[in-house]
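Accompanying notes for the structure given below.
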2 protein chains.
Amino acid sequence: MAARPSESPSPRVVIVGGGFGGLYAAEALKSTPVEVTVVDRTNHHVFQPLLYQVATASLAPSDVAYPIRAVLSGQRNTTVILAEVTAVDVADRKVVLKDGWLAYDYLIVAPGARHSYFAHPEWEELAPGLKTVEDALAIRRRVLLAFERAEREIDPERRRALLTFILVGGGPTGVELAGAIAEIACKVMAKDFRHIDLRETRTILVEAGPRILPTFPASLSAKAERSLQQLCVEVRTGASVTGISPDAVTIGKERVSAATILWAAGVQPSPLARSLGVPLDRAGRVIVDADLTIPGHPEVFVVGDLAACCGPDGRTLPGLAPVALQQGRHAAHNILRALRGRPLAPFRYRDRGTMATIGRAAAVADIRGLRLSGLPAWLVWCFIHILWLIGFRNRFVVLFEWGWAYFTRQRSSRLIVGEVRPTTPSASPRARG
Amino acid sequence: MAARPSESPSPRVVIVGGGFGGLYAAEALKSTPVEVTVVDRTNHHVFQPLLYQVATASLAPSDVAYPIRAVLSGQRNTTVILAEVTAVDVADRKVVLKDGWLAYDYLIVAPGARHSYFAHPEWEELAPGLKTVEDALAIRRRVLLAFERAEREIDPERRRALLTFILVGGGPTGVELAGAIAEIACKVMAKDFRHIDLRETRTILVEAGPRILPTFPASLSAKAERSLQQLCVEVRTGASVTGISPDAVTIGKERVSAATILWAAGVQPSPLARSLGVPLDRAGRVIVDADLTIPGHPEVFVVGDLAACCGPDGRTLPGLAPVALQQGRHAAHNILRALRGRPLAPFRYRDRGTMATIGRAAAVADIRGLRLSGLPAWLVWCFIHILWLIGFRNRFVVLFEWGWAYFTRQRSSRLIVGEVRPTTPSASPRARG
């Protein structure tokens, strides 16, 4: 292919990030008279609502992640670039990459968020969070290795610690991880181990606020808590984590020994926010106008987890996939409006409902005021998530995996891949003489 | 579960390695009056004949790997331990672990082999081989990243190097990898990239001997070579690799620039061989007696890639899955014979045939003298490999993935996971001004 002319006649739209916001923005620009470049530091879009199932060994990474390039391959006006964006130069209209730069006429910034450990960055290594495929595989490795080590441990104290799983944060991710880990611990692993009593396992969900799933109606929070308790999850609300060490969590003043500590307590927006040079909110998100542009730059849109924006009652919308998706699409439509010389339209979020799942055949859902729980909520949850998954292929495989897991109580992706660090020295590994 | 008595009444059989040899040995000891312990450094059995499909993004790791613990969970007399074996102490009848030890009455050593770079250990980092799930994911990352970098590279020299893939070694693994990479390069990726001409891709298979697939009949080698050429693979036989650098391979005296160099040229047996204190053959394998025991130790069996043993014509059997599998089973049966006071039986390999596949709908097979090639060989290959896969679940998913890939020419597992190292500095990354 010949090198392209350095000056292109079509307006150049650069989209930073291939998550829900960026991908749906790119798709909304299909067959339009603009030249689109999507830049992401990974080669895949991650279907984050199902990432916890990769972390808990129910799904393979490729079931919930899809190459961005393949999703957009049918769009002739779209180029995908694998590169890391380090800054945005709004004055020069350039996106700065680690190894180059991209000029734009319109920019959609949708880089998402990472975990926030608030004032304790040193906790990150001790209590990993769940945002990327790599995170999910690291969590899976930790959880599965804890069982392997418990199988060989003959000291009862240490064995109990190896079989204790603590989840920090009672939002949807924490609830879903807690339910899935408790299920694995109590049911899936039961027949595979010889030397551990799986009734020794503890799964503890710690939430600082007064109830789990704080964004749901209180009645559903209560139902979710009951479902978790049926799975033997200890739910501790109004309890804050004051310390984390490699083998224990301090909850309030109580020290609980645990080998596996997972973080689902908070996120911080991408550091790209700062380079835009506009006001941020307390959480570090970019305060965007109602049309999703930033002050003084009608050609720069910010969407998804990075945007602080425009709930119906003046509140900031939460960092959910449907919000990012709708904002991405809206930003794309606003660019097309601008190109036609029409005024930009304000973004309005259409809340189609929120849901969270709690293990096998239990969930809670709040769909425009319709409150479901138990099996009906779970079936709705499965249906919606399968519909949503990008690409027919993934839909089919995920359906099969779920059916398989439901009927057999097996987990199909129980691989420990990557470096297995040696166990922390133990006085008494299980060995026979 | 209460701690078990430290001295067990049943004979203790320890199996080192959960590959084909170890796993089939363990299965042959199901419901027998022995206490079995399988120890492996990973938690999964790998179906190695399909590993190249993970490396080339057709299958997910969990499609070809299965937790050893889950395979053996129905055997009440069997314990699985995740640990690294560092040595065998045949005098004390102990297996030495990195963090403990295991005593045995009978031992089956089946640790397999790693790549051999002969006199050039420094090539290992430059030209990875394919033995483990980690290897497969590393190769997948290299291959997919080469395309990503080529998409951004505007220097034609460097772009050609990024799109050149060199496979060293013309055995089944080299042939299968070459066919799969050529298919991806020429067909799968075609519509996903904007700036690279996929006709620029080169796949080169280098074999030092006079023909590829040297263990097959010459007529099938010739057919395999023709099939590879139809996929645009350059086959270079009688050509030896004299140098490897990060961005080139020297074949004879010609230097070929290539960003992706993969090694399928040789294996070396596990270093455990040395700790047994018995004679090894030139390749480092343990010279076992016809009953698979080592000289002077009728309670120690060596099977699989580590054993130099007993072909029908006095030749050493090759390192193939069926050999390991049959030897593992035979060692188990010999242990049961010894327990009944009967003499050990000599091992006889039943050759059910060998086969190799070359891309979509082409293969060669030599089944007890019946020589197949093309589509018939490919169908036999698919059928046999699916039958063989451990566990119904994997059988079903693999069948689906293959059907999907066959009809759509898509690859479903094209994820780049793990650290993406920055591209080597380039004067001219593709960026627009």
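Just remember, in the structure tokens the first chain shown is A, the second B, etc., residues are 1-based per chain, and ligands are 1-based in the order shown.
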Fewer than 5 positions away in the same chain doesn't count, so skip those; otherwise give me all residues within 8 Å of A:Gly284, counting only C-alpha atoms, as a PyMOL selection string. chain A and resi 268-269+273
Near A:Ala248, within 8 Å and counting only C-alpha atoms, which residues show up once chain neighbours fewer than 5 positions away are dropped, as number ranges by chain? A: 255-259
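Proximity of B:Leu205, B:Ile166, B:Ala377, B:Ile81 to A:Phe193, computed with only C-alpha atoms, is greatest for B:Ile81.
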Extract, using only C-alpha atoms, all DNA, RNA and protein residues at most 6 Å from B:Val302, discarding same-chain residues fewer than 6 positions from it, and format them as a count of residues only. 3
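Residues in contact range of A:Leu339, defined as at most 12 Å between only C-alpha atoms, with sequence neighbours fewer than 4 positions away removed, read Ser10, Pro11, Arg12, Val13, Thr32, Pro33, Val34, Asp105, Tyr106, Pro298, Glu299, Ala332, His333, Asn334, Ile335, Pro343 and Leu344 of chain A.
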For the residues in that selection, give me C-alpha atoms as a short mmCIF file (atom, residue, chain, number, x, y, z; two decimals), in the first residue's frame.
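Generated file (out_21.cif):
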```cif
data_model
loop_
_atom_site.label_atom_id
_atom_site.label_comp_id
_atom_site.auth_asym_id
_atom_site.auth_seq_id
_atom_site.Cartn_x
_atom_site.Cartn_y
_atom_site.Cartn_z
CA SER A 10 -11.43 14.39 5.70
CA PRO A 11 -11.62 15.68 9.28
CA ARG A 12 -9.50 13.51 11.55
CA VAL A 13 -11.19 12.08 14.63
CA THR A 32 -19.30 8.93 7.84
CA PRO A 33 -17.03 11.43 6.05
CA VAL A 34 -14.38 11.46 8.77
CA ASP A 105 -9.46 17.82 14.32
CA TYR A 106 -11.81 16.23 16.84
CA PRO A 298 -15.61 22.35 21.49
CA GLU A 299 -13.52 19.85 19.52
CA ALA A 332 -19.68 10.87 17.88
CA HIS A 333 -23.09 12.28 16.97
CA ASN A 334 -22.06 15.69 18.26
CA ILE A 335 -18.98 15.63 16.01
CA PRO A 343 -25.23 23.12 17.46
CA LEU A 344 -24.06 20.36 19.80
#
```
DSSP-assigned strand (DSSP E or B) among stretch 160-224 of chain B, expressed as an mmCIF file with N, CA and C atoms, in the first residue's frame:
```cif
data_model
loop_
_atom_site.group_PDB
_atom_site.id
_atom_site.type_symbol
_atom_site.label_atom_id
_atom_site.label_comp_id
_atom_site.auth_asym_id
_atom_site.auth_seq_id
_atom_site.Cartn_x
_atom_site.Cartn_y
_atom_site.Cartn_z
ATOM 1 N N THR B 164 8.356 -10.785 8.652
ATOM 2 C CA THR B 164 9.057 -12.031 8.332
ATOM 3 C C THR B 164 9.103 -12.922 9.572
ATOM 4 N N PHE B 165 8.639 -14.161 9.397
ATOM 5 C CA PHE B 165 8.571 -15.116 10.502
ATOM 6 C C PHE B 165 9.443 -16.307 10.141
ATOM 7 N N ILE B 166 10.419 -16.605 10.994
ATOM 8 C CA ILE B 166 11.336 -17.706 10.697
ATOM 9 C C ILE B 166 11.174 -18.806 11.744
ATOM 10 N N LEU B 167 10.919 -20.014 11.254
ATOM 11 C CA LEU B 167 10.768 -21.176 12.128
ATOM 12 C C LEU B 167 11.998 -22.048 11.952
ATOM 13 N N VAL B 168 12.673 -22.349 13.042
ATOM 14 C CA VAL B 168 13.871 -23.177 12.959
ATOM 15 C C VAL B 168 13.505 -24.595 13.378
ATOM 16 N N ARG B 202 6.497 -12.929 4.946
ATOM 17 C CA ARG B 202 7.251 -14.129 4.578
ATOM 18 C C ARG B 202 7.282 -15.065 5.763
ATOM 19 N N THR B 203 7.029 -16.339 5.504
ATOM 20 C CA THR B 203 7.217 -17.344 6.539
ATOM 21 C C THR B 203 8.261 -18.322 6.011
ATOM 22 N N ILE B 204 9.339 -18.503 6.755
ATOM 23 C CA ILE B 204 10.440 -19.346 6.295
ATOM 24 C C ILE B 204 10.646 -20.484 7.289
ATOM 25 N N LEU B 205 10.620 -21.701 6.775
ATOM 26 C CA LEU B 205 10.858 -22.871 7.619
ATOM 27 C C LEU B 205 12.248 -23.418 7.287
ATOM 28 N N VAL B 206 13.125 -23.439 8.290
ATOM 29 C CA VAL B 206 14.513 -23.855 8.060
ATOM 30 C C VAL B 206 14.740 -25.237 8.673
ATOM 31 N N GLU B 207 15.208 -26.171 7.885
ATOM 32 C CA GLU B 207 15.483 -27.523 8.382
ATOM 33 C C GLU B 207 16.900 -27.922 7.948
#
```
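Atom CA of A:Ser227 is positioned 17.9 Å from atom CA of A:Val188.
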Need to verify the contact set: stretch 181-183 of chain A, 7 Å, only C-alpha atoms, exclusion of same-chain residues closer than 4 positions in sequence. Can you return it as JSON, numbers by chain? {"A": [56, 177, 187, 188, 203, 231, 232, 233, 359]}
For the selection just defined, write its residues with all heavy atoms to a file, as a PDB file, in the first residue's frame.
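Full text of selection.pdb as output:
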```pdb
ATOM      1  N   THR A  56     -12.417 -15.628  38.347  1.00  0.00           N
ATOM      2  CA  THR A  56     -12.831 -16.766  39.167  1.00  0.00           C
ATOM      3  C   THR A  56     -12.920 -18.039  38.338  1.00  0.00           C
ATOM      4  O   THR A  56     -13.616 -18.980  38.705  1.00  0.00           O
ATOM      5  CB  THR A  56     -14.160 -16.468  39.878  1.00  0.00           C
ATOM      6  OG1 THR A  56     -15.128 -16.037  38.902  1.00  0.00           O
ATOM      7  CG2 THR A  56     -13.981 -15.367  40.891  1.00  0.00           C
ATOM      8  N   LEU A 177     -17.454 -10.774  42.867  1.00  0.00           N
ATOM      9  CA  LEU A 177     -16.256 -11.558  43.191  1.00  0.00           C
ATOM     10  C   LEU A 177     -16.482 -12.400  44.446  1.00  0.00           C
ATOM     11  O   LEU A 177     -16.122 -13.577  44.489  1.00  0.00           O
ATOM     12  CB  LEU A 177     -15.053 -10.641  43.407  1.00  0.00           C
ATOM     13  CG  LEU A 177     -14.252 -10.226  42.174  1.00  0.00           C
ATOM     14  CD1 LEU A 177     -13.179  -9.221  42.566  1.00  0.00           C
ATOM     15  CD2 LEU A 177     -13.595 -11.436  41.504  1.00  0.00           C
ATOM     16  N   LYS A 187     -18.179 -25.253  46.782  1.00  0.00           N
ATOM     17  CA  LYS A 187     -18.776 -26.281  45.939  1.00  0.00           C
ATOM     18  C   LYS A 187     -17.825 -26.864  44.913  1.00  0.00           C
ATOM     19  O   LYS A 187     -17.661 -28.070  44.825  1.00  0.00           O
ATOM     20  CB  LYS A 187     -20.018 -25.709  45.254  1.00  0.00           C
ATOM     21  CG  LYS A 187     -21.133 -25.534  46.282  1.00  0.00           C
ATOM     22  CD  LYS A 187     -22.248 -24.652  45.814  1.00  0.00           C
ATOM     23  CE  LYS A 187     -23.214 -24.421  46.983  1.00  0.00           C
ATOM     24  NZ  LYS A 187     -24.107 -23.297  46.730  1.00  0.00           N
ATOM     25  N   VAL A 188     -17.205 -25.987  44.119  1.00  0.00           N
ATOM     26  CA  VAL A 188     -16.429 -26.494  42.994  1.00  0.00           C
ATOM     27  C   VAL A 188     -15.226 -27.313  43.451  1.00  0.00           C
ATOM     28  O   VAL A 188     -14.942 -28.393  42.946  1.00  0.00           O
ATOM     29  CB  VAL A 188     -15.948 -25.319  42.114  1.00  0.00           C
ATOM     30  CG1 VAL A 188     -15.136 -25.837  40.944  1.00  0.00           C
ATOM     31  CG2 VAL A 188     -17.139 -24.520  41.635  1.00  0.00           C
ATOM     32  N   THR A 203     -15.066 -16.354  53.258  1.00  0.00           N
ATOM     33  CA  THR A 203     -15.052 -15.249  52.320  1.00  0.00           C
ATOM     34  C   THR A 203     -15.688 -14.060  53.042  1.00  0.00           C
ATOM     35  O   THR A 203     -16.807 -14.172  53.537  1.00  0.00           O
ATOM     36  CB  THR A 203     -15.843 -15.584  51.046  1.00  0.00           C
ATOM     37  OG1 THR A 203     -15.394 -16.835  50.542  1.00  0.00           O
ATOM     38  CG2 THR A 203     -15.655 -14.521  49.985  1.00  0.00           C
ATOM     39  N   LEU A 231     -24.471 -18.168  50.660  1.00  0.00           N
ATOM     40  CA  LEU A 231     -23.241 -18.749  50.106  1.00  0.00           C
ATOM     41  C   LEU A 231     -22.119 -18.745  51.141  1.00  0.00           C
ATOM     42  O   LEU A 231     -20.959 -18.960  50.798  1.00  0.00           O
ATOM     43  CB  LEU A 231     -22.795 -17.957  48.877  1.00  0.00           C
ATOM     44  CG  LEU A 231     -23.598 -18.158  47.592  1.00  0.00           C
ATOM     45  CD1 LEU A 231     -23.205 -17.115  46.563  1.00  0.00           C
ATOM     46  CD2 LEU A 231     -23.358 -19.549  47.040  1.00  0.00           C
ATOM     47  N   CYS A 232     -22.464 -18.458  52.403  1.00  0.00           N
ATOM     48  CA  CYS A 232     -21.476 -18.422  53.489  1.00  0.00           C
ATOM     49  C   CYS A 232     -20.517 -17.252  53.383  1.00  0.00           C
ATOM     50  O   CYS A 232     -19.398 -17.308  53.935  1.00  0.00           O
ATOM     51  CB  CYS A 232     -20.668 -19.709  53.580  1.00  0.00           C
ATOM     52  SG  CYS A 232     -21.666 -21.176  53.552  1.00  0.00           S
ATOM     53  N   VAL A 233     -20.880 -16.199  52.677  1.00  0.00           N
ATOM     54  CA  VAL A 233     -20.041 -15.001  52.678  1.00  0.00           C
ATOM     55  C   VAL A 233     -20.372 -14.192  53.931  1.00  0.00           C
ATOM     56  O   VAL A 233     -21.540 -13.978  54.234  1.00  0.00           O
ATOM     57  CB  VAL A 233     -20.292 -14.135  51.418  1.00  0.00           C
ATOM     58  CG1 VAL A 233     -19.501 -12.833  51.486  1.00  0.00           C
ATOM     59  CG2 VAL A 233     -19.959 -14.915  50.165  1.00  0.00           C
ATOM     60  N   GLY A 359     -23.360 -15.299  42.466  1.00  0.00           N
ATOM     61  CA  GLY A 359     -23.243 -16.752  42.354  1.00  0.00           C
ATOM     62  C   GLY A 359     -24.267 -17.358  41.420  1.00  0.00           C
ATOM     63  O   GLY A 359     -24.835 -16.676  40.567  1.00  0.00           O
TER      64      GLY A 359
END
```
Just the residues within 6 Å of A:Gly170, please, counting only C-alpha atoms, with nothing from its chain fewer than 4 positions along; format it as a PDB file with all heavy atoms, in the first residue's frame.
```pdb
ATOM      1  N   GLY A 174     -17.206  -6.074  43.931  1.00  0.00           N
ATOM      2  CA  GLY A 174     -16.934  -6.782  45.179  1.00  0.00           C
ATOM      3  C   GLY A 174     -17.958  -7.873  45.448  1.00  0.00           C
ATOM      4  O   GLY A 174     -17.619  -8.996  45.832  1.00  0.00           O
ATOM      5  N   VAL A 175     -19.232  -7.535  45.230  1.00  0.00           N
ATOM      6  CA  VAL A 175     -20.307  -8.508  45.465  1.00  0.00           C
ATOM      7  C   VAL A 175     -20.164  -9.701  44.521  1.00  0.00           C
ATOM      8  O   VAL A 175     -20.273 -10.867  44.925  1.00  0.00           O
ATOM      9  CB  VAL A 175     -21.680  -7.826  45.288  1.00  0.00           C
ATOM     10  CG1 VAL A 175     -22.802  -8.851  45.193  1.00  0.00           C
ATOM     11  CG2 VAL A 175     -21.930  -6.858  46.442  1.00  0.00           C
ATOM     12  N   GLU A 207     -17.419  -3.567  53.596  1.00  0.00           N
ATOM     13  CA  GLU A 207     -17.939  -2.336  52.987  1.00  0.00           C
ATOM     14  C   GLU A 207     -17.972  -1.244  54.056  1.00  0.00           C
ATOM     15  O   GLU A 207     -18.515  -1.438  55.140  1.00  0.00           O
ATOM     16  CB  GLU A 207     -19.336  -2.609  52.413  1.00  0.00           C
ATOM     17  CG  GLU A 207     -20.173  -1.378  52.087  1.00  0.00           C
ATOM     18  CD  GLU A 207     -19.549  -0.445  51.038  1.00  0.00           C
ATOM     19  OE1 GLU A 207     -18.944  -0.966  50.075  1.00  0.00           O
ATOM     20  OE2 GLU A 207     -19.655   0.787  51.196  1.00  0.00           O
ATOM     21  N   ILE A 212     -24.273  -2.859  51.339  1.00  0.00           N
ATOM     22  CA  ILE A 212     -23.607  -3.190  50.083  1.00  0.00           C
ATOM     23  C   ILE A 212     -24.472  -2.682  48.928  1.00  0.00           C
ATOM     24  O   ILE A 212     -25.642  -2.347  49.117  1.00  0.00           O
ATOM     25  CB  ILE A 212     -23.339  -4.700  49.942  1.00  0.00           C
ATOM     26  CG1 ILE A 212     -24.643  -5.510  50.020  1.00  0.00           C
ATOM     27  CG2 ILE A 212     -22.349  -5.175  51.003  1.00  0.00           C
ATOM     28  CD1 ILE A 212     -24.469  -6.979  49.640  1.00  0.00           C
ATOM     29  N   LEU A 213     -23.916  -2.645  47.737  1.00  0.00           N
ATOM     30  CA  LEU A 213     -24.591  -2.138  46.540  1.00  0.00           C
ATOM     31  C   LEU A 213     -25.279  -0.803  46.812  1.00  0.00           C
ATOM     32  O   LEU A 213     -26.502  -0.671  46.630  1.00  0.00           O
ATOM     33  CB  LEU A 213     -25.610  -3.163  46.024  1.00  0.00           C
ATOM     34  CG  LEU A 213     -25.042  -4.541  45.596  1.00  0.00           C
ATOM     35  CD1 LEU A 213     -26.169  -5.445  45.128  1.00  0.00           C
ATOM     36  CD2 LEU A 213     -23.989  -4.391  44.514  1.00  0.00           C
TER      37      LEU A 213
END
```
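Picture a line from atom CA of A:Ala28 to atom CA of A:Ala365; it runs 28.5 Å.
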With distances taken over only C-alpha atoms, which of B:Leu130, B:Ala70, B:Ala136, B:Ala345 is nearest to chain A? B:Ala70
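Atom CA of B:Arg41 lies 5.5 Å from atom CA of B:Leu82.
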